[in-house]
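Asks: Sharing structure_1.cif here; it has mmCIF, C-alpha atoms.
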```cif
data_work
#
loop_
_atom_site.group_PDB
_atom_site.id
_atom_site.type_symbol
_atom_site.label_atom_id
_atom_site.label_comp_id
_atom_site.auth_asym_id
_atom_site.auth_seq_id
_atom_site.Cartn_x
_atom_site.Cartn_y
_atom_site.Cartn_z
ATOM 1 C CA MET A 1 -132.071 -197.667 -70.802
ATOM 2 C CA ILE A 2 -129.043 -199.492 -69.433
ATOM 3 C CA SER A 3 -125.540 -198.252 -68.863
ATOM 4 C CA LEU A 4 -122.901 -199.933 -71.014
ATOM 5 C CA SER A 5 -120.097 -197.825 -69.523
ATOM 6 C CA SER A 6 -120.000 -199.013 -65.939
ATOM 7 C CA THR A 7 -119.245 -202.237 -64.111
ATOM 8 C CA PRO A 8 -120.464 -202.036 -60.451
ATOM 9 C CA THR A 9 -123.683 -203.988 -61.023
ATOM 10 C CA ALA A 10 -122.828 -205.450 -64.422
ATOM 11 C CA ALA A 11 -123.345 -209.061 -65.329
ATOM 12 C CA VAL A 12 -120.424 -211.452 -65.070
ATOM 13 C CA GLY A 13 -118.296 -211.129 -68.184
ATOM 14 C CA HIS A 14 -119.555 -207.656 -69.128
ATOM 15 C CA ARG A 15 -116.877 -205.564 -70.811
ATOM 16 C CA PRO A 16 -117.751 -201.844 -70.527
ATOM 17 C CA LEU A 17 -117.604 -199.501 -73.496
ATOM 18 C CA GLY A 18 -115.469 -196.380 -73.627
ATOM 19 C CA VAL A 19 -115.288 -193.337 -75.879
ATOM 20 C CA ILE A 20 -112.463 -191.534 -77.687
ATOM 21 C CA SER A 21 -112.995 -187.905 -78.669
ATOM 22 C CA ALA A 22 -111.329 -186.840 -81.922
ATOM 23 C CA GLN A 23 -111.454 -183.078 -82.232
ATOM 24 C CA GLY A 24 -109.868 -180.690 -84.708
ATOM 25 C CA ALA A 25 -110.165 -179.487 -88.295
ATOM 26 C CA ASP A 26 -108.345 -182.564 -89.661
ATOM 27 C CA SER A 27 -110.178 -185.187 -87.583
ATOM 28 C CA ALA A 28 -112.195 -186.771 -90.389
ATOM 29 C CA LYS A 29 -109.312 -186.590 -92.860
ATOM 30 C CA PHE A 30 -106.897 -188.190 -90.388
ATOM 31 C CA LEU A 31 -109.259 -191.031 -89.479
ATOM 32 C CA GLN A 32 -109.985 -191.587 -93.173
ATOM 33 C CA GLY A 33 -106.391 -192.743 -93.554
ATOM 34 C CA GLN A 34 -106.518 -195.003 -90.496
ATOM 35 C CA LEU A 35 -109.910 -196.745 -90.465
ATOM 36 C CA SER A 36 -111.627 -199.080 -92.934
ATOM 37 C CA ALA A 37 -114.886 -197.115 -93.296
ATOM 38 C CA ASN A 38 -115.406 -193.930 -95.307
ATOM 39 C CA ILE A 39 -115.164 -191.361 -92.530
ATOM 40 C CA GLU A 40 -115.033 -188.290 -94.775
ATOM 41 C CA ALA A 41 -118.373 -189.251 -96.336
ATOM 42 C CA LEU A 42 -120.042 -189.448 -92.929
ATOM 43 C CA ALA A 43 -122.742 -186.823 -92.446
ATOM 44 C CA PRO A 44 -123.071 -184.932 -89.153
ATOM 45 C CA GLY A 45 -125.337 -186.885 -86.832
ATOM 46 C CA SER A 46 -124.434 -190.205 -88.469
ATOM 47 C CA THR A 47 -122.456 -193.212 -87.268
ATOM 48 C CA VAL A 48 -120.529 -195.917 -89.106
ATOM 49 C CA LEU A 49 -118.893 -199.166 -88.011
ATOM 50 C CA ALA A 50 -115.167 -199.178 -88.780
ATOM 51 C CA GLY A 51 -112.148 -201.349 -88.176
ATOM 52 C CA TYR A 52 -108.738 -200.122 -87.051
ATOM 53 C CA HIS A 53 -106.159 -202.569 -88.420
ATOM 54 C CA ASN A 54 -102.450 -203.175 -88.367
ATOM 55 C CA VAL A 55 -100.410 -203.372 -91.581
ATOM 56 C CA GLN A 56 -101.219 -207.088 -91.878
ATOM 57 C CA GLY A 57 -104.921 -206.227 -92.060
ATOM 58 C CA ARG A 58 -105.696 -207.664 -88.624
ATOM 59 C CA ALA A 59 -108.180 -205.792 -86.469
ATOM 60 C CA ILE A 60 -106.706 -203.922 -83.519
ATOM 61 C CA ALA A 61 -110.156 -202.644 -82.552
ATOM 62 C CA LEU A 62 -113.667 -202.182 -83.912
ATOM 63 C CA LEU A 63 -115.211 -198.760 -83.461
ATOM 64 C CA ARG A 64 -118.512 -196.991 -83.984
ATOM 65 C CA VAL A 65 -117.532 -193.585 -85.375
ATOM 66 C CA SER A 66 -120.132 -190.860 -84.725
ATOM 67 C CA LYS A 67 -119.709 -187.492 -86.433
ATOM 68 C CA LEU A 68 -120.990 -184.603 -84.315
ATOM 69 C CA ASP A 69 -119.866 -181.838 -86.665
ATOM 70 C CA HIS A 70 -117.074 -181.149 -89.153
ATOM 71 C CA ALA A 71 -114.430 -180.998 -86.419
ATOM 72 C CA ARG A 72 -115.536 -183.508 -83.771
ATOM 73 C CA LEU A 73 -116.096 -187.243 -83.837
ATOM 74 C CA LEU A 74 -116.708 -189.761 -81.059
ATOM 75 C CA LEU A 75 -115.322 -193.312 -81.317
ATOM 76 C CA THR A 76 -117.105 -195.969 -79.242
ATOM 77 C CA LEU A 77 -115.159 -199.146 -78.421
ATOM 78 C CA PRO A 78 -114.373 -201.416 -75.461
ATOM 79 C CA LYS A 79 -112.943 -199.318 -72.656
ATOM 80 C CA GLU A 80 -110.020 -201.732 -72.215
ATOM 81 C CA LEU A 81 -108.688 -200.793 -75.682
ATOM 82 C CA VAL A 82 -109.088 -197.007 -75.465
ATOM 83 C CA ALA A 83 -105.584 -196.171 -74.214
ATOM 84 C CA ASP A 84 -103.867 -198.473 -76.720
ATOM 85 C CA VAL A 85 -105.856 -197.143 -79.682
ATOM 86 C CA ILE A 86 -105.097 -193.539 -78.719
ATOM 87 C CA ALA A 87 -101.398 -194.338 -78.357
ATOM 88 C CA ARG A 88 -101.248 -196.082 -81.732
ATOM 89 C CA LEU A 89 -103.181 -193.401 -83.609
ATOM 90 C CA SER A 90 -101.153 -190.622 -81.987
ATOM 91 C CA ARG A 91 -97.950 -191.932 -83.611
ATOM 92 C CA TYR A 92 -99.277 -190.810 -86.991
ATOM 93 C CA VAL A 93 -100.813 -187.445 -86.123
ATOM 94 C CA LEU A 94 -97.667 -185.441 -86.978
ATOM 95 C CA ARG A 95 -98.913 -182.004 -88.140
ATOM 96 C CA ALA A 96 -102.564 -182.976 -88.499
ATOM 97 C CA LYS A 97 -104.966 -180.736 -86.583
ATOM 98 C CA ILE A 98 -106.534 -183.374 -84.368
ATOM 99 C CA ARG A 99 -106.607 -184.052 -80.649
ATOM 100 C CA LEU A 100 -107.361 -187.563 -79.437
ATOM 101 C CA VAL A 101 -108.615 -187.803 -75.859
ATOM 102 C CA ASP A 102 -110.000 -190.571 -73.670
ATOM 103 C CA ALA A 103 -113.540 -189.290 -73.089
ATOM 104 C CA SER A 104 -114.784 -192.401 -71.273
ATOM 105 C CA ASP A 105 -115.380 -190.467 -68.045
ATOM 106 C CA ALA A 106 -116.983 -187.515 -69.830
ATOM 107 C CA VAL A 107 -119.283 -189.412 -72.198
ATOM 108 C CA MET A 108 -121.491 -192.261 -71.018
ATOM 109 C CA VAL A 109 -122.793 -195.050 -73.269
ATOM 110 C CA PHE A 110 -126.406 -196.160 -72.796
ATOM 111 C CA GLY A 111 -128.317 -198.867 -74.623
ATOM 112 C CA ALA A 112 -132.037 -199.246 -75.290
ATOM 113 C CA ASP A 113 -134.373 -201.581 -77.123
ATOM 114 C CA ARG A 114 -135.505 -199.781 -80.279
ATOM 115 C CA THR A 115 -139.095 -200.808 -79.585
ATOM 116 C CA THR A 116 -138.967 -198.752 -76.385
ATOM 117 C CA PRO A 117 -138.763 -195.062 -77.358
ATOM 118 C CA ILE A 118 -135.900 -193.140 -75.804
ATOM 119 C CA ASN A 119 -137.176 -190.463 -73.452
ATOM 120 C CA PRO A 120 -137.366 -187.160 -75.403
ATOM 121 C CA SER A 121 -135.311 -185.332 -72.778
ATOM 122 C CA THR A 122 -132.669 -188.060 -72.946
ATOM 123 C CA ALA A 123 -132.627 -187.924 -76.739
ATOM 124 C CA ALA A 124 -132.298 -184.147 -76.642
ATOM 125 C CA SER A 125 -129.274 -184.361 -74.354
ATOM 126 C CA ALA A 126 -127.571 -187.107 -76.377
ATOM 127 C CA LEU A 127 -124.403 -186.199 -78.233
ATOM 128 C CA ALA A 128 -125.119 -189.049 -80.672
ATOM 129 C CA LEU A 129 -127.778 -191.708 -81.229
ATOM 130 C CA LEU A 130 -126.780 -194.807 -83.171
ATOM 131 C CA ASP A 131 -128.442 -198.013 -84.295
ATOM 132 C CA TRP A 132 -127.010 -201.153 -82.715
ATOM 133 C CA GLY A 133 -127.922 -204.505 -84.190
ATOM 134 C CA ASP A 134 -131.394 -205.295 -85.446
ATOM 135 C CA ALA A 135 -133.554 -203.763 -82.727
ATOM 136 C CA ARG A 136 -131.447 -201.646 -80.383
ATOM 137 C CA ARG A 137 -130.090 -198.131 -80.121
ATOM 138 C CA VAL A 138 -127.200 -196.574 -78.252
ATOM 139 C CA ALA A 139 -127.057 -193.042 -76.895
ATOM 140 C CA LEU A 140 -123.832 -191.198 -76.093
ATOM 141 C CA ILE A 141 -124.599 -188.722 -73.321
ATOM 142 C CA ALA A 142 -122.360 -186.229 -71.536
ATOM 143 C CA ALA A 143 -121.721 -187.528 -68.021
ATOM 144 C CA ASP A 144 -123.052 -184.369 -66.406
ATOM 145 C CA GLN A 145 -126.350 -184.922 -68.234
ATOM 146 C CA ALA A 146 -126.694 -188.623 -67.480
ATOM 147 C CA SER A 147 -129.275 -189.583 -64.913
ATOM 148 C CA THR A 148 -128.375 -191.975 -62.121
ATOM 149 C CA ALA A 149 -131.757 -193.608 -62.792
ATOM 150 C CA LEU A 150 -130.281 -195.180 -65.912
ATOM 151 C CA ASP A 151 -128.030 -197.642 -64.064
ATOM 152 C CA GLU A 152 -128.187 -201.172 -65.385
ATOM 153 C CA ALA A 153 -129.370 -204.382 -63.784
ATOM 154 C CA PRO A 154 -127.157 -207.469 -64.253
ATOM 155 C CA SER A 155 -129.870 -209.343 -66.143
ATOM 156 C CA GLU A 156 -130.287 -206.451 -68.576
ATOM 157 C CA VAL A 157 -126.573 -206.284 -69.363
ATOM 158 C CA ALA A 158 -126.462 -210.048 -69.863
ATOM 159 C CA ALA A 159 -129.447 -209.772 -72.216
ATOM 160 C CA TRP A 160 -127.606 -207.064 -74.173
ATOM 161 C CA GLN A 161 -124.588 -209.334 -74.598
ATOM 162 C CA ALA A 162 -126.842 -212.177 -75.720
ATOM 163 C CA ALA A 163 -128.475 -209.844 -78.257
ATOM 164 C CA ASP A 164 -125.025 -208.914 -79.624
ATOM 165 C CA ILE A 165 -124.371 -212.599 -80.257
ATOM 166 C CA ALA A 166 -127.817 -213.184 -81.789
ATOM 167 C CA ASP A 167 -127.251 -210.183 -84.076
ATOM 168 C CA GLY A 168 -123.868 -211.565 -85.140
ATOM 169 C CA LEU A 169 -122.080 -208.398 -84.030
ATOM 170 C CA PRO A 170 -118.329 -208.906 -83.661
ATOM 171 C CA GLN A 171 -116.266 -207.129 -81.062
ATOM 172 C CA ILE A 172 -112.543 -207.037 -80.410
ATOM 173 C CA TYR A 173 -111.104 -207.210 -76.902
ATOM 174 C CA GLN A 174 -107.557 -207.461 -75.573
ATOM 175 C CA GLU A 175 -107.516 -211.241 -76.041
ATOM 176 C CA THR A 176 -108.412 -211.009 -79.736
ATOM 177 C CA SER A 177 -106.752 -207.755 -80.794
ATOM 178 C CA GLU A 178 -104.608 -208.230 -83.941
ATOM 179 C CA VAL A 179 -105.861 -211.793 -84.481
ATOM 180 C CA PHE A 180 -108.507 -211.528 -87.229
ATOM 181 C CA VAL A 181 -108.442 -210.010 -90.703
ATOM 182 C CA ALA A 182 -111.434 -207.712 -91.332
ATOM 183 C CA GLN A 183 -113.476 -210.159 -93.420
ATOM 184 C CA MET A 184 -113.092 -212.901 -90.804
ATOM 185 C CA LEU A 185 -115.225 -210.659 -88.577
ATOM 186 C CA ASN A 186 -117.795 -210.104 -91.372
ATOM 187 C CA LEU A 187 -117.009 -206.388 -91.507
ATOM 188 C CA ASP A 188 -117.711 -206.448 -95.243
ATOM 189 C CA ALA A 189 -121.218 -207.815 -94.579
ATOM 190 C CA LEU A 190 -121.831 -205.236 -91.845
ATOM 191 C CA GLY A 191 -120.807 -202.151 -93.828
ATOM 192 C CA GLY A 192 -117.563 -201.652 -91.958
ATOM 193 C CA ILE A 193 -115.305 -201.619 -95.032
ATOM 194 C CA ALA A 194 -115.383 -199.082 -97.868
ATOM 195 C CA PHE A 195 -113.654 -200.745 -100.816
ATOM 196 C CA ASP A 196 -113.934 -197.594 -102.951
ATOM 197 C CA LYS A 197 -112.074 -195.243 -100.604
ATOM 198 C CA GLY A 198 -108.395 -194.418 -100.617
ATOM 199 C CA CYS A 199 -105.609 -196.078 -98.694
ATOM 200 C CA TYR A 200 -105.714 -196.800 -94.987
ATOM 201 C CA THR A 201 -103.644 -198.974 -92.694
ATOM 202 C CA GLY A 202 -104.126 -202.640 -93.631
ATOM 203 C CA GLN A 203 -106.006 -201.769 -96.834
ATOM 204 C CA GLU A 204 -103.787 -203.818 -99.161
ATOM 205 C CA VAL A 205 -104.378 -207.088 -97.311
ATOM 206 C CA ILE A 206 -108.102 -206.439 -96.870
ATOM 207 C CA ALA A 207 -108.570 -205.516 -100.532
ATOM 208 C CA ARG A 208 -106.621 -208.579 -101.693
ATOM 209 C CA ALA A 209 -108.900 -210.855 -99.671
ATOM 210 C CA HIS A 210 -111.901 -209.142 -101.255
ATOM 211 C CA TYR A 211 -110.834 -209.142 -104.897
ATOM 212 C CA ARG A 212 -108.656 -212.222 -105.230
ATOM 213 C CA GLY A 213 -110.450 -215.002 -103.445
ATOM 214 C CA ARG A 214 -113.236 -216.216 -101.242
ATOM 215 C CA VAL A 215 -112.659 -215.754 -97.524
ATOM 216 C CA LYS A 216 -112.518 -219.256 -96.072
ATOM 217 C CA ARG A 217 -112.877 -218.362 -92.377
ATOM 218 C CA ARG A 218 -115.796 -216.311 -91.140
ATOM 219 C CA LEU A 219 -117.520 -215.219 -87.956
ATOM 220 C CA GLN A 220 -120.278 -217.735 -87.247
ATOM 221 C CA ARG A 221 -122.802 -218.408 -84.493
ATOM 222 C CA PHE A 222 -123.006 -221.678 -82.573
ATOM 223 C CA VAL A 223 -124.835 -223.195 -79.619
ATOM 224 C CA SER A 224 -123.738 -226.270 -77.686
ATOM 225 C CA GLN A 225 -126.068 -229.245 -77.756
ATOM 226 C CA GLN A 226 -125.503 -229.915 -74.057
ATOM 227 C CA PRO A 227 -125.159 -227.641 -71.010
ATOM 228 C CA MET A 228 -121.594 -226.439 -70.515
ATOM 229 C CA PRO A 229 -119.684 -223.490 -69.035
ATOM 230 C CA SER A 230 -119.521 -220.428 -71.231
ATOM 231 C CA TYR A 231 -116.375 -220.058 -73.336
ATOM 232 C CA VAL A 232 -114.039 -217.215 -72.489
ATOM 233 C CA ILE A 233 -113.158 -214.690 -75.167
ATOM 234 C CA GLY A 234 -110.193 -215.884 -77.213
ATOM 235 C CA ALA A 235 -110.656 -219.560 -76.361
ATOM 236 C CA VAL A 236 -109.857 -222.088 -79.077
ATOM 237 C CA GLY A 237 -111.989 -225.196 -79.549
ATOM 238 C CA THR A 238 -112.869 -227.972 -81.962
ATOM 239 C CA LEU A 239 -116.312 -228.669 -83.387
ATOM 240 C CA ASP A 240 -117.478 -232.262 -83.728
ATOM 241 C CA ASP A 241 -116.995 -232.022 -87.507
ATOM 242 C CA GLY A 242 -113.279 -231.361 -86.966
ATOM 243 C CA ARG A 243 -113.225 -227.619 -87.617
ATOM 244 C CA THR A 244 -111.332 -225.499 -85.100
ATOM 245 C CA PHE A 245 -112.630 -222.132 -83.956
ATOM 246 C CA LYS A 246 -111.587 -219.094 -81.944
ATOM 247 C CA VAL A 247 -114.187 -217.463 -79.716
ATOM 248 C CA VAL A 248 -115.094 -213.814 -80.322
ATOM 249 C CA ASP A 249 -117.881 -213.601 -77.730
ATOM 250 C CA ALA A 250 -119.927 -216.068 -75.691
ATOM 251 C CA VAL A 251 -122.844 -216.212 -73.256
ATOM 252 C CA GLN A 252 -124.512 -218.928 -71.210
ATOM 253 C CA ARG A 253 -128.203 -219.465 -71.934
ATOM 254 C CA ASP A 254 -130.823 -219.957 -69.244
ATOM 255 C CA ASP A 255 -130.903 -223.685 -70.095
ATOM 256 C CA GLY A 256 -127.182 -223.982 -69.343
ATOM 257 C CA ARG A 257 -126.048 -224.292 -72.937
ATOM 258 C CA CYS A 258 -123.345 -222.008 -74.316
ATOM 259 C CA GLU A 259 -124.030 -219.770 -77.314
ATOM 260 C CA TRP A 260 -121.063 -218.140 -78.957
ATOM 261 C CA LEU A 261 -119.648 -216.262 -81.920
ATOM 262 C CA ALA A 262 -116.422 -217.670 -83.304
ATOM 263 C CA VAL A 263 -114.246 -217.463 -86.380
ATOM 264 C CA ALA A 264 -114.074 -220.865 -88.063
ATOM 265 C CA ALA A 265 -113.835 -222.409 -91.506
ATOM 266 C CA LEU A 266 -117.176 -222.231 -93.269
ATOM 267 C CA ALA A 267 -119.352 -225.342 -93.243
ATOM 268 C CA GLY A 268 -117.855 -227.925 -95.567
ATOM 269 C CA GLY A 269 -114.399 -226.414 -95.186
ATOM 270 C CA THR A 270 -111.489 -227.952 -93.351
ATOM 271 C CA ASN A 271 -108.726 -226.747 -91.102
ATOM 272 C CA SER A 272 -106.374 -226.852 -94.083
ATOM 273 C CA ASP A 273 -108.347 -223.860 -95.351
ATOM 274 C CA ASP A 274 -107.552 -221.957 -92.190
ATOM 275 C CA ASP A 275 -105.032 -219.309 -91.458
ATOM 276 C CA LYS A 276 -103.762 -221.646 -88.751
ATOM 277 C CA LEU A 277 -104.963 -221.224 -85.194
ATOM 278 C CA GLU A 278 -102.965 -222.318 -82.196
ATOM 279 C CA PRO A 279 -103.509 -226.005 -81.394
ATOM 280 C CA ALA A 280 -107.071 -226.719 -80.275
ATOM 281 C CA PRO A 281 -107.989 -229.021 -77.380
ATOM 282 C CA ASN A 282 -108.293 -232.713 -78.195
ATOM 283 C CA ASP A 283 -111.851 -232.833 -76.845
ATOM 284 C CA THR A 284 -114.593 -231.631 -79.190
ATOM 285 C CA VAL A 285 -117.880 -229.867 -78.622
ATOM 286 C CA ALA A 286 -121.142 -231.025 -80.163
ATOM 287 C CA ALA A 287 -122.666 -227.836 -81.464
ATOM 288 C CA GLN A 288 -125.391 -226.600 -83.748
ATOM 289 C CA SER A 289 -124.840 -223.767 -86.223
ATOM 290 C CA LEU A 290 -127.293 -220.911 -85.813
ATOM 291 C CA PRO A 291 -128.242 -218.442 -88.556
ATOM 292 C CA LEU A 292 -126.921 -214.891 -88.703
ATOM 293 C CA PRO A 293 -129.419 -212.095 -89.414
ATOM 294 C CA TYR A 294 -127.395 -210.958 -92.428
ATOM 295 C CA ALA A 295 -126.052 -212.609 -95.553
ATOM 296 C CA LEU A 296 -122.362 -213.342 -96.025
ATOM 297 C CA PRO A 297 -120.737 -212.305 -99.316
ATOM 298 C CA ASP A 298 -120.121 -215.107 -101.816
#
```
Represent the structure from my file as structure tokens, please.

Replies:
Amino acid sequence: MISLSSTPTAAVGHRPLGVISAQGADSAKFLQGQLSANIEALAPGSTVLAGYHNVQGRAIALLRVSKLDHARLLLTLPKELVADVIARLSRYVLRAKIRLVDASDAVMVFGADRTTPINPSTAASALALLDWGDARRVALIAADQASTALDEAPSEVAAWQAADIADGLPQIYQETSEVFVAQMLNLDALGGIAFDKGCYTGQEVIARAHYRGRVKRRLQRFVSQQPMPSYVIGAVGTLDDGRTFKVVDAVQRDDGRCEWLAVAALAGGTNSDDDKLEPAPNDTVAAQSLPLPYALPD
């Protein structure tokens, strides 16, 4: 297993994950009105991907919501967004019986290849076990139960990031917070939106995009045809077919080429279809589109 919570030996570009603890009798009910997934339908021991959006339907953060019991949930997200998400959610707590706490120091996040069984003692001490992508699992473990033998090697963390990109898994960081509407990140294809639940922040915009028209910009996977430095998160570029894109995540392959996830007009579309990006550089990148391991809605 590798630690996804720490940075001392992490690969260049690694963004550690943090955890928010939501505890109290109204936790599920409160989050139901804030997040895009159906939190109240979540069974104890289960996890769901959810988006936290502003009123314009743009994702502030993406979270994995794990329900421990009827009164406690753990929200896994990039550590850099934890304080902001807590502050935003806390504005709406009012009389709800819920306490939101930064648990990043108390709960550690570990990743493992699903083909390598998690040690039974580790599994027994885990607060939550969740699937991550096509062939990986994540364990949330209380810090006082986490073994120092689970520290990551830089190559392993880099491989985890590359697997996120290959699995087409979006993530939101500070550079891209409040930039993309839910469907631009393929949350509808990944089960992160419940269209049959009640209202939540941003729901009107997200539902309109779902019911009234095809989403013209989507998260897609690309690889450069030539060696080049890896894009930074939030960078804007231009493909050689004229489409502009905004980078969600990127990694440099062993052969020197850059592989990245970016939101761009779908193949055959044009920039006139776009919810306009900031101006892209004049130089273009020759890139190949790579398949995602899931189908996009029509």

Asks: Hey, what comes out of the PyMOL selection byres ((chain A and resi 101) around 8) on this file? Could you write it as a VMD selection string?

Replies: chain A and resid 20 to 22 86 99 to 100 102 to 103

Asks: Assuming the chain letters and numbering stay as they are in my file, what does the PyMOL selection byres ((chain A and resi 43) around 9) actually select? List them as a count of residues only.

Replies: 12

Asks: Between CA of Leu89 (chain A) and CA of Gln34 (chain A), measure the distance and give it in Å to one decimal.

Replies: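 If I compute the distance from CA of Leu89 (chain A) to CA of Gln34 (chain A), I get 7.8 Å.
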
Asks: Which residues, written as a ChimeraX atom specification, have at least one atom at most 7 Å from Val107 (chain A), with only C-alpha atoms counted and residues fewer than 6 positions away on the same chain left out?

Replies: /A:19,140-143

Asks: Report as a list of chain:residue names the full result of the PyMOL selection byres ((chain A and resi 232) around 12) when it is applied to this structure.

Replies: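 Here the PyMOL selection byres ((chain A and resi 232) around 12) matches A:Val12, A:Gly13, A:His14, A:Tyr173, A:Glu175, A:Thr176, A:Pro229, A:Ser230, A:Tyr231, A:Ile233, A:Gly234, A:Ala235, A:Val236, A:Gly237, A:Lys246, A:Val247, A:Val248, A:Asp249, A:Ala250, A:Val251, A:Gln252, A:Cys258, A:Glu259, A:Trp260, A:Leu261, A:Ala262.
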